[in-house]
Amino acid sequence: MRLKENNIGQEGMIIHVFCNTCDEWIDESDITVTNIREDWEGRDVLSFLCPDCDHTQESFRLSS
């Protein structure tokens, strides 16, 4: 599943996810999503393939 090119959230904020292997934040439009779920508090948790290290990662979705 590929996210839309325009990944702007509410109020024009861009969504980012974190790659633990690369230790960096990545724009959500640059990743390939493999799964999305909610944690026990209702926050989005995204599983994705990092375009830099090619590892599957899991991260909260954060806006900036």
# chains A, B, ... in the order shown; residues from 1 in each chain; ligands from 1

call {"tool": "residues_around", "arguments": {"residues": "segment 38-51 of chain A", "least_positions_apart": "5", "cutoff": "10 Å", "atoms": "only C-alpha atoms", "output": "number ranges by chain"}}
result
A: 1-2, 17-22, 26, 28, 30-33, 56-62

call {"tool": "write_last_selection", "arguments": {"atoms": "N, CA, C and O atoms", "output": "short mmCIF file (atom, residue, chain, number, x, y, z; two decimals), in the first residue's frame"}}
result
data_model
loop_
_atom_site.label_atom_id
_atom_site.label_comp_id
_atom_site.auth_asym_id
_atom_site.auth_seq_id
_atom_site.Cartn_x
_atom_site.Cartn_y
_atom_site.Cartn_z
N MET A 1 0.85 -1.17 0.00
CA MET A 1 0.00 0.00 0.00
C MET A 1 0.90 1.23 0.00
O MET A 1 1.83 1.33 0.77
N ARG A 2 0.66 2.15 -0.87
CA ARG A 2 1.42 3.40 -0.97
C ARG A 2 0.52 4.55 -0.55
O ARG A 2 -0.62 4.62 -0.97
N VAL A 17 7.29 9.44 10.12
CA VAL A 17 7.46 8.20 10.88
C VAL A 17 8.95 8.06 11.19
O VAL A 17 9.80 8.65 10.53
N PHE A 18 9.27 7.25 12.21
CA PHE A 18 10.66 7.11 12.65
C PHE A 18 11.21 5.74 12.30
O PHE A 18 10.58 4.71 12.57
N CYS A 19 12.41 5.72 11.71
CA CYS A 19 13.12 4.47 11.42
C CYS A 19 14.16 4.26 12.52
O CYS A 19 15.08 5.07 12.67
N ASN A 20 14.01 3.18 13.30
CA ASN A 20 14.95 2.89 14.37
C ASN A 20 16.33 2.48 13.85
O ASN A 20 17.34 2.76 14.49
N THR A 21 16.38 1.83 12.71
CA THR A 21 17.66 1.41 12.14
C THR A 21 18.47 2.61 11.66
O THR A 21 19.66 2.72 11.96
N CYS A 22 17.83 3.51 10.93
CA CYS A 22 18.52 4.70 10.41
C CYS A 22 18.62 5.81 11.46
O CYS A 22 19.39 6.75 11.29
N ILE A 26 11.27 10.15 8.77
CA ILE A 26 11.07 10.05 7.33
C ILE A 26 9.67 10.59 7.00
O ILE A 26 8.71 10.27 7.69
N GLU A 28 6.21 10.62 5.49
CA GLU A 28 5.34 9.49 5.22
C GLU A 28 5.11 9.23 3.74
O GLU A 28 4.86 8.09 3.33
N ASP A 30 7.28 9.11 1.53
CA ASP A 30 8.46 8.43 0.98
C ASP A 30 8.53 6.95 1.34
O ASP A 30 9.49 6.28 0.97
N ILE A 31 7.55 6.44 2.07
CA ILE A 31 7.62 5.06 2.54
C ILE A 31 6.58 4.18 1.87
O ILE A 31 5.64 4.68 1.26
N THR A 32 6.75 2.88 2.00
CA THR A 32 5.76 1.90 1.58
C THR A 32 5.14 1.31 2.83
O THR A 32 5.84 0.70 3.65
N VAL A 33 3.85 1.51 3.01
CA VAL A 33 3.14 1.05 4.20
C VAL A 33 2.81 -0.44 4.05
O VAL A 33 2.31 -0.87 3.01
N THR A 56 11.83 -3.48 7.60
CA THR A 56 10.47 -3.19 8.04
C THR A 56 10.54 -2.57 9.42
O THR A 56 11.22 -3.09 10.31
N GLN A 57 9.84 -1.46 9.60
CA GLN A 57 9.85 -0.72 10.85
C GLN A 57 8.43 -0.53 11.33
O GLN A 57 7.47 -0.73 10.59
N GLU A 58 8.29 -0.11 12.60
CA GLU A 58 7.00 0.23 13.15
C GLU A 58 7.15 1.54 13.89
O GLU A 58 8.11 1.73 14.65
N SER A 59 6.23 2.48 13.66
CA SER A 59 6.35 3.81 14.24
C SER A 59 4.98 4.44 14.42
O SER A 59 4.05 4.14 13.67
N PHE A 60 4.89 5.33 15.41
CA PHE A 60 3.73 6.21 15.49
C PHE A 60 3.82 7.20 14.35
O PHE A 60 4.91 7.50 13.84
N ARG A 61 2.68 7.73 13.93
CA ARG A 61 2.62 8.79 12.92
C ARG A 61 2.61 10.12 13.67
O ARG A 61 1.74 10.34 14.50
N LEU A 62 3.57 10.97 13.37
CA LEU A 62 3.66 12.28 14.03
C LEU A 62 3.65 13.39 13.02
O LEU A 62 4.26 13.29 11.96
#

call {"tool": "select_by_dssp", "arguments": {"residues": "chain A", "states": "strand (DSSP E or B)", "output": "NGL selection string"}}
result
:A and (2 or 8 or 14-19 or 24-27 or 32-38 or 44-49 or 56-60 or 62-63)

call {"tool": "select_by_dssp", "arguments": {"residues": "segment 2-58 of chain A", "states": "helix (DSSP H, G or I)", "output": "CSV table (one decimal) with N, CA, C and O atoms, in the first residue's frame"}}
result
chain,number,residue,atom,x,y,z
A,10,GLN,N,-4.1,17.5,9.2
A,10,GLN,CA,-4.9,18.7,9.6
A,10,GLN,C,-4.0,19.9,9.7
A,10,GLN,O,-2.8,19.8,10.1
A,11,GLU,N,-4.5,21.1,9.3
A,11,GLU,CA,-3.9,22.3,9.5
A,11,GLU,C,-2.5,22.4,8.7
A,11,GLU,O,-1.6,23.1,9.0
A,12,GLY,N,-2.4,21.6,7.6
A,12,GLY,CA,-1.2,21.7,6.7
A,12,GLY,C,0.0,21.1,7.3
A,12,GLY,O,1.1,21.3,6.8
A,28,GLU,N,6.2,10.6,5.5
A,28,GLU,CA,5.3,9.5,5.2
A,28,GLU,C,5.1,9.2,3.7
A,28,GLU,O,4.9,8.1,3.3
A,29,SER,N,5.2,10.2,2.9
A,29,SER,CA,5.0,10.0,1.5
A,29,SER,C,6.2,9.3,0.8
A,29,SER,O,6.0,8.9,-0.3
A,30,ASP,N,7.3,9.1,1.5
A,30,ASP,CA,8.5,8.4,1.0
A,30,ASP,C,8.5,6.9,1.3
A,30,ASP,O,9.5,6.3,1.0
